[in-house]
Amino acid sequence: METTPKTIGPLFKLTPSLIPPKDLDALCKYAQAELGEDPSSQYFMPRQKSIGFVVYIDGEFFALQQNFFIQNAKYNDFSGGYKRFYKTLPDWLIQGHMKRALKSFVDTYQLPNYASILVQLQKSTIPSGIDNANFDITGQGIHTDGHDRAMLVCIDRKNVSGGSNCLYEDIEGVKKIMPQTVLETGDALFFKDNEIYHYVSDAKPLDCSKDMSRTMIIAHYPANYFLFGKENPQNQLLRGEADHKLRLKKMWRREIPYLSFSCTLW
């Protein structure tokens with residue numbers, strides 16, 4: 001079993017301009033053309049996503065073939081306990097244009113050899129012509145993802161107002177650790193997912209006559225619990241209570257494209 005001592009690495013760290021322009025360009029092009037649909041975004045801002053279960057071995061990263069993950073419902077009352085299928089990320093992207101970010105994640109938290117990491121590349125979008133209104137990006141409110149360590153990297157941010165990140169000691173959002181911070185293109189945020197809560201604010205287009213998009217890399221360690229949907233004994237933080245629970249429903253077509261999702265916190 002992979003465990004992470006609380007003493008290793010910072011509680012959180014912001015790293016500006018982590019990703020060089022050539023890698024950002026390649027990742028943007030991939031996200032534009034190759035990501036798969038994310039049906040779990042039915043109740044919040046529409047997004048596309050691809051994933052990879054990655055193992056770190058002797059300085060390199062190797063992807064498993066599993067094309068789904070299960071987040072334990074203890075951490076996510078909305079889409080937890082539900083098998084979520086996605087297109088998988090190709091090896092050339094993980095071992096090439098993502099490598100700098102993943103190696104920074106390993107180094108920041110001194111992850112062990114053979115560490116398992118869940119990597120997600122996702123793009124949230126609002127097309128032009130939508131009325132000027134805020135949209136929920138994650139559908140979870142203030143939350144933990146159920147891992148020990150986490151990394152967020154902004155790959156692209158176009159025509160976005162809002163969508164800032166914030167860190168808290170408590171799920172009620174009373175004790176703020178990091179104020180609302182916009183991750184600009186190339187910026188990274190590292191944090192201990194089993195010690196603090198995180199949140200991303202609603203977003204809307206700066207100019208409603210143009211498309212809006214926000215593309216992110218999300219990485220979590222350890223990933224083995226998400227292979228089977230097991231609870232992580234190293235993460236005992238609380239969750240928010242959701243009005244809708246995907247694990248209790250069959251997936252349906254998107255008939256109401258931009259329905260807002262609210263989350264009631266304990």
# chains A, B, ... in the order shown; residues from 1 in each chain; ligands from 1
$ select_by_dssp --residues "stretch 16-251 of chain A" --states "helix (DSSP H, G or I)" --output "MDAnalysis selection string"
chainID A and resid 21:34 39:43 91:97 99:108 224:228 246:248
$ select_by_dssp --residues "stretch 30-225 of chain A" --states "strand (DSSP E)" --output "PyMOL selection string"
chain A and resi 36-37+47-57+60-63+68-70+83-85+87-88+115-126+149-158+160-162+165-168+176-181+188-192+197-200+203-205+212-221
$ closest_residue --among "A:Asp211, A:Leu111, A:Lys192, A:Tyr168" --to "A:Ile57" --atoms "only C-alpha atoms"
A:Leu111
$ residues_around --residues "stretch 17-19 of chain A" --least-positions-apart "2" --cutoff "12 Å" --atoms "only C-alpha atoms" --output "JSON, numbers by chain"
{"A": [13, 14, 15, 21, 22, 23, 24, 25, 26, 27, 28, 96, 97, 98, 99, 100, 101, 102, 103, 104, 105, 151, 152, 153, 154, 155, 156, 183, 184, 185, 186, 187, 188, 189, 190, 216, 217]}
$ closest_atom_pairs --of "stretch 9-63 of chain A" --to "stretch 115-134 of chain A" --cutoff "7 Å" --atoms "only C-alpha atoms" --output "JSON lines"
{"residue": "A:Ala31", "atom": "CA", "partner": "A:Lys123", "partner_atom": "CA", "distance": 6.8}
{"residue": "A:Met45", "atom": "CA", "partner": "A:Ser124", "partner_atom": "CA", "distance": 6.4}
{"residue": "A:Pro46", "atom": "CA", "partner": "A:Ser124", "partner_atom": "CA", "distance": 5.8}
{"residue": "A:Arg47", "atom": "CA", "partner": "A:Ser124", "partner_atom": "CA", "distance": 4.1}
{"residue": "A:Gln48", "atom": "CA", "partner": "A:Lys123", "partner_atom": "CA", "distance": 5.2}
{"residue": "A:Lys49", "atom": "CA", "partner": "A:Gln122", "partner_atom": "CA", "distance": 4.2}
{"residue": "A:Ser50", "atom": "CA", "partner": "A:Leu121", "partner_atom": "CA", "distance": 5.5}
{"residue": "A:Ile51", "atom": "CA", "partner": "A:Gln120", "partner_atom": "CA", "distance": 4.4}
{"residue": "A:Gly52", "atom": "CA", "partner": "A:Val119", "partner_atom": "CA", "distance": 5.1}
{"residue": "A:Phe53", "atom": "CA", "partner": "A:Leu118", "partner_atom": "CA", "distance": 4.7}
{"residue": "A:Val54", "atom": "CA", "partner": "A:Ile117", "partner_atom": "CA", "distance": 5.1}
{"residue": "A:Val55", "atom": "CA", "partner": "A:Ser116", "partner_atom": "CA", "distance": 4.6}
{"residue": "A:Tyr56", "atom": "CA", "partner": "A:Ala115", "partner_atom": "CA", "distance": 5.3}
$ write_last_selection --atoms "C-alpha atoms" --output "compact mmCIF listing (two decimals), in the first residue's frame"
# COMPACT_ATOMS: atom_id res chain seq x y z
CA ALA A 31 -6.94 19.02 -26.11
CA MET A 45 -19.94 23.43 -17.24
CA PRO A 46 -19.54 21.05 -20.23
CA ARG A 47 -16.08 19.55 -20.54
CA GLN A 48 -14.00 17.02 -22.41
CA LYS A 49 -11.50 14.79 -20.68
CA SER A 50 -8.89 12.06 -21.16
CA ILE A 51 -7.15 10.16 -18.36
CA GLY A 52 -4.13 8.01 -17.62
CA PHE A 53 -3.14 5.82 -14.69
CA VAL A 54 0.60 6.44 -14.66
CA VAL A 55 3.36 4.61 -12.79
CA TYR A 56 6.61 6.44 -11.99
$ atom_distance --atom1 "atom CA of A:Glu172" --atom2 "atom CA of A:Gln234"
21.1 Å
$ atom_distance --atom1 "atom CA of A:Phe135" --atom2 "atom CA of A:Arg84"
22.1 Å
$ atom_distance --atom1 "atom CA of A:His220" --atom2 "atom CA of A:His198"
13.4 Å
$ closest_residue --among "A:Leu93, A:Ile137, A:Leu167, A:Leu237" --to "A:Thr181" --atoms "only C-alpha atoms"
A:Leu167
$ closest_residue --among "A:Asp170, A:Val106, A:Tyr199, A:Ser161" --to "A:Tyr221" --atoms "only C-alpha atoms"
A:Val106
$ decode --residues "stretch 183-194 of chain A" --atoms "N, CA and C atoms" --output "short mmCIF file (atom, residue, chain, number, x, y, z; two decimals), in the first residue's frame"
data_model
loop_
_atom_site.label_atom_id
_atom_site.label_comp_id
_atom_site.auth_asym_id
_atom_site.auth_seq_id
_atom_site.Cartn_x
_atom_site.Cartn_y
_atom_site.Cartn_z
N LEU A 183 -4.94 30.71 -11.88
CA LEU A 183 -3.80 30.05 -12.51
C LEU A 183 -3.79 30.44 -13.98
N GLU A 184 -2.80 31.22 -14.34
CA GLU A 184 -2.66 31.61 -15.74
C GLU A 184 -1.98 30.49 -16.52
N THR A 185 -1.95 30.62 -17.84
CA THR A 185 -1.37 29.59 -18.69
C THR A 185 0.06 29.24 -18.27
N GLY A 186 0.28 27.95 -17.99
CA GLY A 186 1.60 27.47 -17.58
C GLY A 186 1.80 27.39 -16.08
N ASP A 187 0.92 28.03 -15.28
CA ASP A 187 1.07 28.04 -13.82
C ASP A 187 0.62 26.72 -13.20
N ALA A 188 1.23 26.36 -12.06
CA ALA A 188 0.91 25.12 -11.37
C ALA A 188 0.62 25.39 -9.90
N LEU A 189 -0.29 24.60 -9.33
CA LEU A 189 -0.59 24.62 -7.90
C LEU A 189 -0.45 23.21 -7.36
N PHE A 190 0.39 23.05 -6.34
CA PHE A 190 0.57 21.78 -5.66
C PHE A 190 -0.05 21.90 -4.26
N PHE A 191 -0.72 20.84 -3.78
CA PHE A 191 -1.26 20.90 -2.41
C PHE A 191 -1.49 19.49 -1.86
N LYS A 192 -1.59 19.43 -0.53
CA LYS A 192 -1.83 18.17 0.17
C LYS A 192 -3.34 17.94 0.26
N ASP A 193 -3.83 17.07 -0.58
CA ASP A 193 -5.27 16.84 -0.70
C ASP A 193 -5.86 16.18 0.53
N ASN A 194 -5.04 15.53 1.35
CA ASN A 194 -5.57 14.87 2.54
C ASN A 194 -5.45 15.73 3.80
#
